[in-house]
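Visitor: I have a structure I would like to understand better, so I am pasting it below and will then ask my questions one at a time.
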Amino acid sequence: MLASEPADCPLCAPDIEARAFRSDAWHLAIYNIAPILPGHALVLPRRHVCSALELADEELAAFALFARRITRLLAVTFAADGFDWTIQDGPSAGQTVPHLHLHIIPRHAGDLPDPGDWYPALLASEAAPLDSTVRPRLSASEHAQITRHLRALSDDPAEPSGP
């Protein structure tokens, strides 16, 4: 596994909270500054862990449930009919940022020449998930506008209300 001190981790940076469009006591959701496709976001635990294997069962369940809420929000907001979830866990799996994070990429039929083309694009820029220079970057104002828009939406638009 990747070893890292939280002070060295870009996902533990002091400004990370300001970049989040949704959060709870244990997790953050951040819109990627260089999205592979519109809606590309990251879900991460606030607690510094490098691997999903470091999470207690309850933490892993809470992580998955938070990620599902974010996926629903992104699917509705970006009118997606599918999505990709990916975690690179460990250097041999391509993890270069030493903090567990899940990529959520809303998908549409025909959005890429081949449905699997998102993965090479992700690997090419995984070293900088928030500040990729490989993919086209959003301007600071574009990123802030999308983040504000996502913050303003209802918490879970696809979640049924009531029992």
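By convention here, the chains of the structure tokens are called A, B, ... in the order presented, each chain's residues are numbered starting at 1, and ligands are numbered starting at 1 in the order presented.
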Excluding Gly90 in chain A and any residue of its chain fewer than 5 positions from it, enumerate the residues within 12 Å of it, using only C-alpha atoms, and give them as an MDAnalysis selection string.

Guide: chainID A and resid 1:3 49:54 95:101

Visitor: Range 136-153 of chain A: which residues within 7 Å, counting only C-alpha atoms, same-chain residues fewer than 3 positions away excluded, as a CSV table (one decimal) with N, CA and C atoms, in the first residue's frame?

Guide:
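What follows is the written file part_33.csv:
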chain,number,residue,atom,x,y,z
A,21,PHE,N,-18.7,19.5,-3.0
A,21,PHE,CA,-20.1,19.9,-3.3
A,21,PHE,C,-21.1,19.2,-2.4
A,22,ARG,N,-20.7,18.1,-1.7
A,22,ARG,CA,-21.5,17.4,-0.8
A,22,ARG,C,-20.6,16.8,0.2
A,31,TYR,N,-16.0,17.7,-7.3
A,31,TYR,CA,-16.1,17.6,-8.7
A,31,TYR,C,-14.7,17.7,-9.3
A,33,ILE,N,-11.6,18.7,-11.4
A,33,ILE,CA,-11.3,19.9,-12.1
A,33,ILE,C,-11.0,19.6,-13.6
A,34,ALA,N,-10.6,18.4,-13.9
A,34,ALA,CA,-10.4,17.9,-15.2
A,34,ALA,C,-11.2,16.7,-15.5
A,133,THR,N,-3.2,17.8,-15.5
A,133,THR,CA,-2.8,18.7,-16.6
A,133,THR,C,-2.8,17.9,-17.9

Visitor: Using backbone DSSP assignments, extract all helix (DSSP H, G or I) residues from chain A; output them as an MDAnalysis selection string.

Guide: chainID A and resid 6:8 10:12 16:19 52:54 57:77 91:93 115:125 140:152

Visitor: If you run DSSP on this backbone, which residues of range 54-137 of chain A come out as strand (DSSP E or B), and could you give them as a compact mmCIF listing (two decimals) with C-alpha atoms, in the first residue's frame?

Guide:
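Output saved as part23.txt:
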# COMPACT_ATOMS: atom_id res chain seq x y z
CA GLY A 82 -25.13 4.62 -16.68
CA PHE A 83 -22.02 5.26 -14.65
CA ASP A 84 -18.54 3.94 -13.94
CA TRP A 85 -17.21 3.49 -10.41
CA THR A 86 -13.50 2.87 -10.02
CA LEU A 102 -13.72 6.52 -5.72
CA HIS A 103 -14.16 7.99 -9.19
CA ILE A 104 -17.78 8.30 -10.28
CA ILE A 105 -18.19 8.98 -13.99
CA PRO A 106 -21.73 9.46 -15.34
CA ARG A 107 -22.16 7.82 -18.75

Visitor: Compare A:Ala25, A:Ile16, A:Leu122, A:Leu37 by their minimum atom-to-atom distance to Leu74 in chain A, counting only C-alpha atoms, and give me the closest one.

Guide: A:Leu37

Visitor: Let me make sure I understand: among A:Leu112, A:Ala56, A:Ala61, A:Cys12, which one has the smallest atom-to-atom distance to Leu44 in chain A if we use only C-alpha atoms?

Guide: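 Checking each of A:Leu112, A:Ala56, A:Ala61, A:Cys12 against Leu44 in chain A, counting only C-alpha atoms, the winner is A:Cys12.
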
Visitor: Would you compute the distance between CA of Ala79 in chain A and CA of Gly116 in chain A? Give it in Å to one decimal.

Guide: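 Separating CA of Ala79 in chain A from CA of Gly116 in chain A is a distance of 19.5 Å.
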
Visitor: Write out as JSON, numbers by chain which residues come within 9 Å of Ile70 in chain A when counting only C-alpha atoms, dropping same-chain ones fewer than 2 positions away.

Guide: {"A": [22, 29, 41, 43, 65, 66, 67, 68, 72, 73, 74, 75, 104, 155, 156]}

Visitor: Residues of the last selection are to be written out with N, CA and C atoms, as a compact mmCIF listing (two decimals), in the first residue's frame.

Guide:
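Dumped to part_18.txt:
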# COMPACT_ATOMS: atom_id res chain seq x y z
N ARG A 22 -20.68 18.13 -1.74
CA ARG A 22 -21.54 17.41 -0.82
C ARG A 22 -20.63 16.77 0.22
N ALA A 29 -17.55 14.75 -1.34
CA ALA A 29 -17.68 14.54 -2.79
C ALA A 29 -17.17 15.80 -3.46
N ALA A 41 -16.75 12.93 -10.73
CA ALA A 41 -16.54 13.38 -9.35
C ALA A 41 -15.77 12.32 -8.56
N VAL A 43 -15.34 10.62 -4.59
CA VAL A 43 -15.84 10.44 -3.23
C VAL A 43 -14.68 9.93 -2.41
N LEU A 65 -22.66 3.70 0.72
CA LEU A 65 -23.96 4.37 0.73
C LEU A 65 -23.84 5.84 0.36
N PHE A 66 -22.80 6.51 0.85
CA PHE A 66 -22.57 7.90 0.47
C PHE A 66 -22.30 7.98 -1.04
N ALA A 67 -21.47 7.08 -1.55
CA ALA A 67 -21.16 7.06 -2.99
C ALA A 67 -22.41 6.83 -3.82
N ARG A 68 -23.31 5.98 -3.34
CA ARG A 68 -24.57 5.75 -4.07
C ARG A 68 -25.40 7.03 -4.10
N ARG A 72 -26.45 8.93 -7.57
CA ARG A 72 -27.83 9.31 -7.93
C ARG A 72 -27.91 10.79 -8.27
N LEU A 73 -27.29 11.62 -7.45
CA LEU A 73 -27.29 13.05 -7.69
C LEU A 73 -26.67 13.38 -9.05
N LEU A 74 -25.52 12.79 -9.34
CA LEU A 74 -24.84 13.04 -10.61
C LEU A 74 -25.63 12.49 -11.79
N ALA A 75 -26.23 11.31 -11.63
CA ALA A 75 -27.00 10.70 -12.72
C ALA A 75 -28.18 11.58 -13.11
N ILE A 104 -16.44 8.54 -9.75
CA ILE A 104 -17.78 8.30 -10.28
C ILE A 104 -17.87 9.09 -11.58
N ASP A 155 -30.49 16.88 -1.81
CA ASP A 155 -29.46 15.94 -1.37
C ASP A 155 -29.44 14.65 -2.19
N ASP A 156 -30.58 14.10 -2.47
CA ASP A 156 -30.65 12.81 -3.16
C ASP A 156 -31.90 12.78 -4.01

Visitor: Could you state the separation of CA of Asp8 in chain A and CA of His27 in chain A in Å, given to one decimal place?

Guide: 19.0 Å

Visitor: What does the distance between CA of Thr77 in chain A and CA of Arg46 in chain A come to in Å, to one decimal place?

Guide: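 CA of Thr77 in chain A sits 24.3 Å away from CA of Arg46 in chain A.
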